[in-house]
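Structure first, then comments.
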Amino acid sequence: MSSANESATAGFLVWRLSMKWRVAVDRAVAPLGLTHAQYALMGSLYGMARSGRQPSQRQLADHTGLEPLYVSKLARALEAAGLVSRTRDPDDPRAMRLTLTEQGHDVTGRAITVVQGLLDQMLEPLGGRTNPRAQQFTRDLATLLEAPLDPHAENAENHEEQS
């Protein structure tokens with residue numbers, strides 16, 4: 001680890017790693033006509049479909065952490081490209097259900113292979129994807145993602161302490 005990274009905060013390192021990952025995925029999936037965000041949406045759709053789910057745009061937004069409006073824009077662009085199908089939910093006419101088209105399945109499968117290669121590269125310093133150290137890192141990331149973040153909570157606590 002470089003000396004600059006040794007003195008960095010966890011927040012800065014998470015940001016740097018997320019930017020490094022986003023750029024790498026963008027570059028890796030660009031030859032397939034995708035961006036990182038489009039890959040995230042299509043990869044999530046692929047996984048959800050494998051478990052028998054046909055998510056709404058809102059459910060996909062919740063799953064990916066992307067804003068619902070952004071998911072809607074991505075879905076429209078992917079639909080125009082012939083990769084995703086959007087249909088009205090029969091139980092909620094305001095909701096749109098998303099599925100991958102046959103072409104979308106093909107592109108997503110190829111993108112997953114490419115991104116898995118990147119994941120292998122990223123986790124190699126931790127011993128590879130199946131190494132206990134890498135598996136613990138993945139569990140730690142999941143724990144951090146589940147922790148609530150409220151930008152106003154600290155301000156409220158500091159205000160109460162000062163009162």
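By order of appearance in the structure tokens: chains A, B, ..., then residues from 1 within every chain, and ligands from 1 in the order shown.
Near A:Lys73, within 12 Å and counting only C-alpha atoms, sit A:Ala37, A:Gln38, A:Leu41, A:Gln57, A:Ala61, A:Leu66, A:Glu67, A:Glu79, A:Ala80, A:Arg86; same-chain residues fewer than 6 positions away were not included.
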Please provide as a short mmCIF file (atom, residue, chain, number, x, y, z; two decimals) with N, CA, C and O atoms, in the first residue's frame all residues within 10 Å of A:His36, with the sequence filter that same-chain residues fewer than 2 positions apart are discarded (counting only C-alpha atoms).
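After the write, selection-v5.cif holds the following:
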```cif
data_model
loop_
_atom_site.label_atom_id
_atom_site.label_comp_id
_atom_site.auth_asym_id
_atom_site.auth_seq_id
_atom_site.Cartn_x
_atom_site.Cartn_y
_atom_site.Cartn_z
N TRP A 21 -13.12 1.00 -9.98
CA TRP A 21 -13.98 -0.08 -10.47
C TRP A 21 -14.89 0.42 -11.59
O TRP A 21 -15.02 -0.20 -12.64
N ARG A 22 -15.50 1.59 -11.39
CA ARG A 22 -16.42 2.13 -12.39
C ARG A 22 -15.70 2.36 -13.71
O ARG A 22 -16.19 1.99 -14.78
N VAL A 23 -14.54 2.98 -13.65
CA VAL A 23 -13.77 3.26 -14.87
C VAL A 23 -13.37 1.95 -15.56
O VAL A 23 -13.49 1.81 -16.79
N ALA A 24 -12.91 0.97 -14.79
CA ALA A 24 -12.50 -0.31 -15.36
C ALA A 24 -13.67 -1.01 -16.04
O ALA A 24 -13.54 -1.54 -17.15
N VAL A 25 -14.83 -1.03 -15.38
CA VAL A 25 -16.01 -1.67 -15.97
C VAL A 25 -16.47 -0.90 -17.20
O VAL A 25 -16.80 -1.50 -18.23
N ASP A 26 -16.48 0.43 -17.12
CA ASP A 26 -16.85 1.23 -18.30
C ASP A 26 -16.00 0.85 -19.50
O ASP A 26 -16.51 0.63 -20.60
N ARG A 27 -14.69 0.77 -19.29
CA ARG A 27 -13.78 0.44 -20.39
C ARG A 27 -13.99 -1.00 -20.87
O ARG A 27 -13.90 -1.28 -22.07
N ALA A 28 -14.26 -1.89 -19.96
CA ALA A 28 -14.39 -3.31 -20.31
C ALA A 28 -15.67 -3.59 -21.10
O ALA A 28 -15.67 -4.44 -22.00
N VAL A 29 -16.76 -2.91 -20.77
CA VAL A 29 -18.04 -3.20 -21.44
C VAL A 29 -18.32 -2.27 -22.62
O VAL A 29 -19.28 -2.49 -23.36
N ALA A 30 -17.49 -1.24 -22.80
CA ALA A 30 -17.69 -0.31 -23.92
C ALA A 30 -17.72 -1.03 -25.28
O ALA A 30 -18.57 -0.70 -26.12
N LEU A 34 -22.03 -0.87 -23.98
CA LEU A 34 -22.62 -0.60 -22.67
C LEU A 34 -21.77 0.37 -21.86
O LEU A 34 -20.57 0.47 -22.08
N GLN A 38 -25.35 0.85 -17.31
CA GLN A 38 -26.19 -0.05 -18.09
C GLN A 38 -25.87 -1.50 -17.76
O GLN A 38 -26.77 -2.33 -17.63
N TYR A 39 -24.58 -1.79 -17.58
CA TYR A 39 -24.20 -3.14 -17.19
C TYR A 39 -24.79 -3.49 -15.82
O TYR A 39 -25.30 -4.60 -15.64
N ALA A 40 -24.72 -2.56 -14.88
CA ALA A 40 -25.27 -2.82 -13.54
C ALA A 40 -26.76 -3.15 -13.62
O ALA A 40 -27.24 -4.08 -12.97
N LEU A 41 -27.48 -2.41 -14.45
CA LEU A 41 -28.90 -2.66 -14.60
C LEU A 41 -29.16 -4.00 -15.28
O LEU A 41 -29.94 -4.82 -14.79
N MET A 42 -28.45 -4.27 -16.38
CA MET A 42 -28.67 -5.51 -17.11
C MET A 42 -28.18 -6.72 -16.33
O MET A 42 -28.84 -7.77 -16.34
N VAL A 115 -16.57 -8.79 -16.91
CA VAL A 115 -16.52 -8.16 -15.59
C VAL A 115 -16.03 -9.16 -14.53
O VAL A 115 -15.32 -8.77 -13.60
#
```
Notebook entry, point to check: Would you give me, as a count of residues only, the residues in stretch 15-156 of chain A that DSSP reads as helix (DSSP H, G or I)?
Noted result: 98
Next item on the list: With a distance cut-off of 6 Å and only C-alpha atoms, select the neighbouring residues of A:Arg97, excluding the residue or stretch itself and same-chain residues fewer than 6 positions from it, and output the selection as a list in words.
Entry: Pro55, Ser56, Arg86, Thr87 and Asp89 of chain A
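Interatomic distance, atom CA of A:Ala81 to atom CA of A:Gln103: 9.5 Å.
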Next item on the list: Write out as a VMD selection string all residues of stretch 1-162 of chain A that backbone DSSP assigns to strand (DSSP E).
Entry: chain A and resid 84 to 89 92 to 100
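Atom pair atom CA of A:Gly104 / atom CA of A:Val84: separated by 6.1 Å.
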Item checked: A:Asp120, A:Asp150, A:Asp140, A:Glu102 ranked by distance to A:Tyr46, top pick (using only C-alpha atoms) -> A:Glu102
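Across A:Arg58, A:Leu123, A:Ala134, A:Asp91, the tightest approach to A:Tyr70 is made by A:Arg58 when counting only C-alpha atoms.
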Margin query: Using only C-alpha atoms, which protein or nucleic acid residues come within 12 Å of A:Pro125? Drop anything in the same chain fewer than 5 positions from it, and give the result as a list in words.
Written below: Met1, Leu119, Asp120, Asn131, Arg133, Ala134 and Phe137 of chain A
Keeping only N, CA, C and O atoms, write those residues as a PDB file, in the first residue's frame.
```
ATOM      1  N   MET A   1       0.855  -1.172   0.000  1.00  0.00           N
ATOM      2  CA  MET A   1       0.000   0.000   0.000  1.00  0.00           C
ATOM      3  C   MET A   1       0.896   1.228   0.000  1.00  0.00           C
ATOM      4  O   MET A   1       1.872   1.284   0.724  1.00  0.00           O
ATOM      5  N   LEU A 119     -13.099  -8.674 -11.798  1.00  0.00           N
ATOM      6  CA  LEU A 119     -13.249  -9.004 -10.375  1.00  0.00           C
ATOM      7  C   LEU A 119     -12.110  -9.911  -9.925  1.00  0.00           C
ATOM      8  O   LEU A 119     -11.536  -9.708  -8.841  1.00  0.00           O
ATOM      9  N   ASP A 120     -11.755 -10.874 -10.750  1.00  0.00           N
ATOM     10  CA  ASP A 120     -10.624 -11.745 -10.425  1.00  0.00           C
ATOM     11  C   ASP A 120      -9.342 -10.926 -10.267  1.00  0.00           C
ATOM     12  O   ASP A 120      -8.567 -11.147  -9.334  1.00  0.00           O
ATOM     13  N   ASN A 131     -10.496 -17.141  -1.882  1.00  0.00           N
ATOM     14  CA  ASN A 131      -9.658 -17.054  -0.692  1.00  0.00           C
ATOM     15  C   ASN A 131     -10.481 -16.523   0.487  1.00  0.00           C
ATOM     16  O   ASN A 131     -11.284 -15.610   0.316  1.00  0.00           O
ATOM     17  N   ARG A 133      -9.736 -14.538   2.786  1.00  0.00           N
ATOM     18  CA  ARG A 133      -9.532 -13.095   2.966  1.00  0.00           C
ATOM     19  C   ARG A 133     -10.440 -12.289   2.029  1.00  0.00           C
ATOM     20  O   ARG A 133     -11.054 -11.299   2.435  1.00  0.00           O
ATOM     21  N   ALA A 134     -10.531 -12.707   0.774  1.00  0.00           N
ATOM     22  CA  ALA A 134     -11.393 -12.030  -0.189  1.00  0.00           C
ATOM     23  C   ALA A 134     -12.866 -12.208   0.184  1.00  0.00           C
ATOM     24  O   ALA A 134     -13.670 -11.283   0.042  1.00  0.00           O
ATOM     25  N   PHE A 137     -13.593  -9.846   2.957  1.00  0.00           N
ATOM     26  CA  PHE A 137     -13.684  -8.502   2.391  1.00  0.00           C
ATOM     27  C   PHE A 137     -15.077  -8.281   1.805  1.00  0.00           C
ATOM     28  O   PHE A 137     -15.702  -7.235   2.031  1.00  0.00           O
TER      29      PHE A 137
END
```
Item checked: From A:Asn5, A:Thr99, A:Thr113, A:Gln136, residue lying nearest A:Arg53 [only C-alpha atoms] -> A:Thr99
